[in-house]
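These notes are about the structure you will find just below.
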Amino acid sequence: MAGEKEQQVANQASVDIGGFAEFMKTWMGSSTSPKDSTTTSKSVTKLNKASAKALIDRAAKDAQFTGTLTEADIEDFIKKFNAEQAKQIETVIKAVSSRVTPGASQAAAEKEMQSILTTEYPSYFKPDTFADDWIWTKVNFKDEKTLGGKALTALGNVRAIVAGFGPLDFSEVEVQTAARKIARGEISNDDFRSTIAQKAMVNYPQYAERLKQNPGSTLKDLASPYINLMAKELELDPDSIELDDMDLDKALRPDGTAGKLPTMSLADFRLALRNSPRWESTTAANESARSAATALGRAFGYGV
């Protein structure tokens, strides 16, 4: 019974809004001319705290919101809900007003009204959508400790995608905005990956065509042969190698963003790595030095 009552309360706003067609009929029938009236408040039921809280609770659950809302928050929601509702209804009323000839019959007015509502404003106001929009304004992506699972996952995905395309002029604010859109379902991970790939094509012209031909891949995916070779030669974890590593960057785009020089061959990249100071501290380098020293000692007649 409790669940049924809660659902009834949650649907209250939808029920109120559902009466808009009747309100329009009353308004059209009671006006000498449709343009005589400019207010909607007398016929639109406002939210109460119970129905507002039910809408908010549903939106919070869907968003996996973990914050705490106060009475002031609920009052703010009701105020903004009513204002947006009135604004959107007013827009529809003005549209109807501009189409119906003053003195037109009730039937003609209703026909025009229904046509406008059906073709231009099929969903002029959705309480659930408004509640979703409102609750997401309360999600603070700057404080990861307060994020729910949906938001945290989206933020992690965005950061991983950005990291997969190397150094970009993409700020943390933009990362958070993209994460919010993904968490809300406004864009997908693939949509965002495509957007970042476009930026990467400018920064890595040598890989532009390959990125176009492999839309689901990141630059890091395409550069994996170089990353794996570097990991092997320098005895590193491949996952620890970022695209902004200076040695790797020189191999992938020898002349930076100009794109006139081709990517370094793997053979040349191996040689460059072995001539790097970083290689000298590897086990392979030490073994090579030991072998060289042994060979030199034997050459001079030492019994090494």
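Scheme for the structure tokens: letters A, B, ... for chains in order shown; per-chain residue numbers from 1; ligand numbers from 1 in order shown.
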* Where does DSSP see helix (DSSP H, G or I) in segment 79-272 of chain A, if you list the residues as a PyMOL selection string? -> chain A and resi 79-99+106-119+127-136+144-146+149-163+172-184+189-203+205-213+219-222+224-234+238-240+246-252+256-258+266-272
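The closest residue to Thr137 of chain A, picked from A:Asp191, A:Glu75, A:Val100, A:Ala59 and counting only C-alpha atoms, is A:Ala59.
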* To do: Mind checking which residues fall within 9 Å of segment 272-287 of chain A, counting only C-alpha atoms, ignoring those fewer than 5 positions away in the same chain, and posting them as a PyMOL selection string?
  => chain A and resi 230+233-235+247+251+267+292
Dump C-alpha atoms for the selected residues as an mmCIF file, in the first residue's frame?
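Saved file out.cif follows:
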```cif
data_model
loop_
_atom_site.group_PDB
_atom_site.id
_atom_site.type_symbol
_atom_site.label_atom_id
_atom_site.label_comp_id
_atom_site.auth_asym_id
_atom_site.auth_seq_id
_atom_site.Cartn_x
_atom_site.Cartn_y
_atom_site.Cartn_z
ATOM 1 C CA MET A 230 59.063 0.842 -25.468
ATOM 2 C CA GLU A 233 63.104 -2.123 -24.172
ATOM 3 C CA LEU A 234 62.883 0.064 -21.074
ATOM 4 C CA GLU A 235 61.350 -2.676 -18.900
ATOM 5 C CA ASP A 247 60.639 9.467 -26.409
ATOM 6 C CA ALA A 251 58.520 8.525 -32.571
ATOM 7 C CA ALA A 267 63.479 -0.403 -35.968
ATOM 8 C CA ALA A 292 81.108 -6.281 -23.467
#
```
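Pairwise distance (atom CA of Ala179 of chain A, atom CA of Gly256 of chain A) equals 29.4 Å.
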* **Atom-to-atom span, atom CA of Phe192 of chain A and atom CA of Asn140 of chain A, Å** =>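 These two atoms are separated by 20.4 Å.
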* Do a neighbour search on Ala183 of chain A at 10 Å with only C-alpha atoms, toss out local chain neighbours closer than 4 positions, and write the hits as a PyMOL selection string. => chain A and resi 63-64+136+149-155+177-179+187-189
Residues of the last selection are to be written out with C-alpha atoms, as a short mmCIF file (atom, residue, chain, number, x, y, z; two decimals), in the first residue's frame.
```cif
data_model
loop_
_atom_site.label_atom_id
_atom_site.label_comp_id
_atom_site.auth_asym_id
_atom_site.auth_seq_id
_atom_site.Cartn_x
_atom_site.Cartn_y
_atom_site.Cartn_z
CA ALA A 63 20.85 9.61 -10.90
CA GLN A 64 22.26 7.65 -7.94
CA TRP A 136 21.77 16.88 -11.79
CA GLY A 149 28.13 5.20 -9.06
CA LYS A 150 26.66 6.50 -12.31
CA ALA A 151 28.47 9.84 -12.15
CA LEU A 152 31.74 8.31 -10.95
CA THR A 153 31.74 5.72 -13.74
CA ALA A 154 31.06 8.37 -16.36
CA LEU A 155 33.89 10.55 -15.02
CA THR A 177 30.79 18.56 -18.34
CA ALA A 178 31.23 15.57 -20.65
CA ALA A 179 30.92 13.18 -17.70
CA ILE A 187 25.69 11.48 -25.18
CA SER A 188 27.39 8.08 -25.23
CA ASN A 189 30.99 7.13 -24.62
#
```
* If we count only C-alpha atoms, what is near Tyr226 of chain A at a cut-off of 8 Å, once residues fewer than 4 positions away on the same chain are taken out, given as a list in words? ->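 So, after excluding close chain neighbours, the residues are Met230, Leu248, Leu266 and Phe269 of chain A.
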Go ahead and save the residues from that selection, with N, CA and C atoms, as a PDB file, in the first residue's frame.
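Dumped everything to selection_31.pdb:
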```
ATOM      1  N   MET A 230      58.440  -0.004 -26.482  1.00  0.00           N
ATOM      2  CA  MET A 230      59.063   0.842 -25.468  1.00  0.00           C
ATOM      3  C   MET A 230      59.032   0.165 -24.101  1.00  0.00           C
ATOM      4  N   LEU A 248      58.411   8.612 -26.770  1.00  0.00           N
ATOM      5  CA  LEU A 248      57.309   8.092 -27.583  1.00  0.00           C
ATOM      6  C   LEU A 248      56.773   9.169 -28.516  1.00  0.00           C
ATOM      7  N   LEU A 266      59.634   1.219 -36.416  1.00  0.00           N
ATOM      8  CA  LEU A 266      59.867   0.518 -35.154  1.00  0.00           C
ATOM      9  C   LEU A 266      61.353   0.204 -34.954  1.00  0.00           C
ATOM     10  N   PHE A 269      62.969   3.299 -33.853  1.00  0.00           N
ATOM     11  CA  PHE A 269      62.539   3.607 -32.498  1.00  0.00           C
ATOM     12  C   PHE A 269      63.294   2.752 -31.488  1.00  0.00           C
TER      13      PHE A 269
END
```
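The smallest atom-to-atom distance between Phe165 of chain A and any of A:Glu242, A:Asp57, A:Asp62, A:Glu90, using only C-alpha atoms, is found for A:Glu242.
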* Tell me which of A:Asp244, A:Lys53, A:Gln85, A:Thr101 sits closest to Glu71 of chain A, counting only C-alpha atoms. =>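 Smallest separation from Glu71 of chain A among the options: A:Lys53.
Reported to one decimal place, the separation of atom CA of Ser51 of chain A from atom CA of Val92 of chain A is 24.5 Å.
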* Find the residues near Asp143 of chain A: any atom within 12 Å, counting only C-alpha atoms, skip ones fewer than 4 places away on the same chain, and give them as a ChimeraX atom specification. => /A:66-67,138-139,147-148,151-152,155,176
Selection above as a file: N, CA and C atoms, as a CSV table (one decimal), in the first residue's frame:
```csv
chain,number,residue,atom,x,y,z
A,66,THR,N,23.9,11.0,-4.1
A,66,THR,CA,24.2,10.6,-2.7
A,66,THR,C,24.2,11.8,-1.8
A,67,GLY,N,23.9,13.0,-2.3
A,67,GLY,CA,23.9,14.1,-1.4
A,67,GLY,C,22.6,14.2,-0.5
A,138,LYS,N,22.6,19.4,-8.8
A,138,LYS,CA,23.1,19.2,-7.4
A,138,LYS,C,24.3,18.3,-7.3
A,139,VAL,N,24.6,17.6,-8.4
A,139,VAL,CA,25.7,16.7,-8.5
A,139,VAL,C,27.0,17.4,-8.7
A,147,LEU,N,30.3,11.6,-5.3
A,147,LEU,CA,29.6,11.1,-6.5
A,147,LEU,C,29.0,9.7,-6.3
A,148,GLY,N,27.8,9.5,-6.9
A,148,GLY,CA,27.2,8.2,-6.9
A,148,GLY,C,27.9,7.4,-8.0
A,151,ALA,N,27.6,8.7,-11.9
A,151,ALA,CA,28.5,9.8,-12.1
A,151,ALA,C,30.0,9.5,-12.1
A,152,LEU,N,30.3,8.7,-11.1
A,152,LEU,CA,31.7,8.3,-10.9
A,152,LEU,C,32.2,7.5,-12.1
A,155,LEU,N,32.7,9.7,-15.1
A,155,LEU,CA,33.9,10.6,-15.0
A,155,LEU,C,35.1,9.7,-15.3
A,176,GLN,N,34.5,17.3,-16.8
A,176,GLN,CA,33.3,17.1,-15.9
A,176,GLN,C,32.0,17.4,-16.6
```
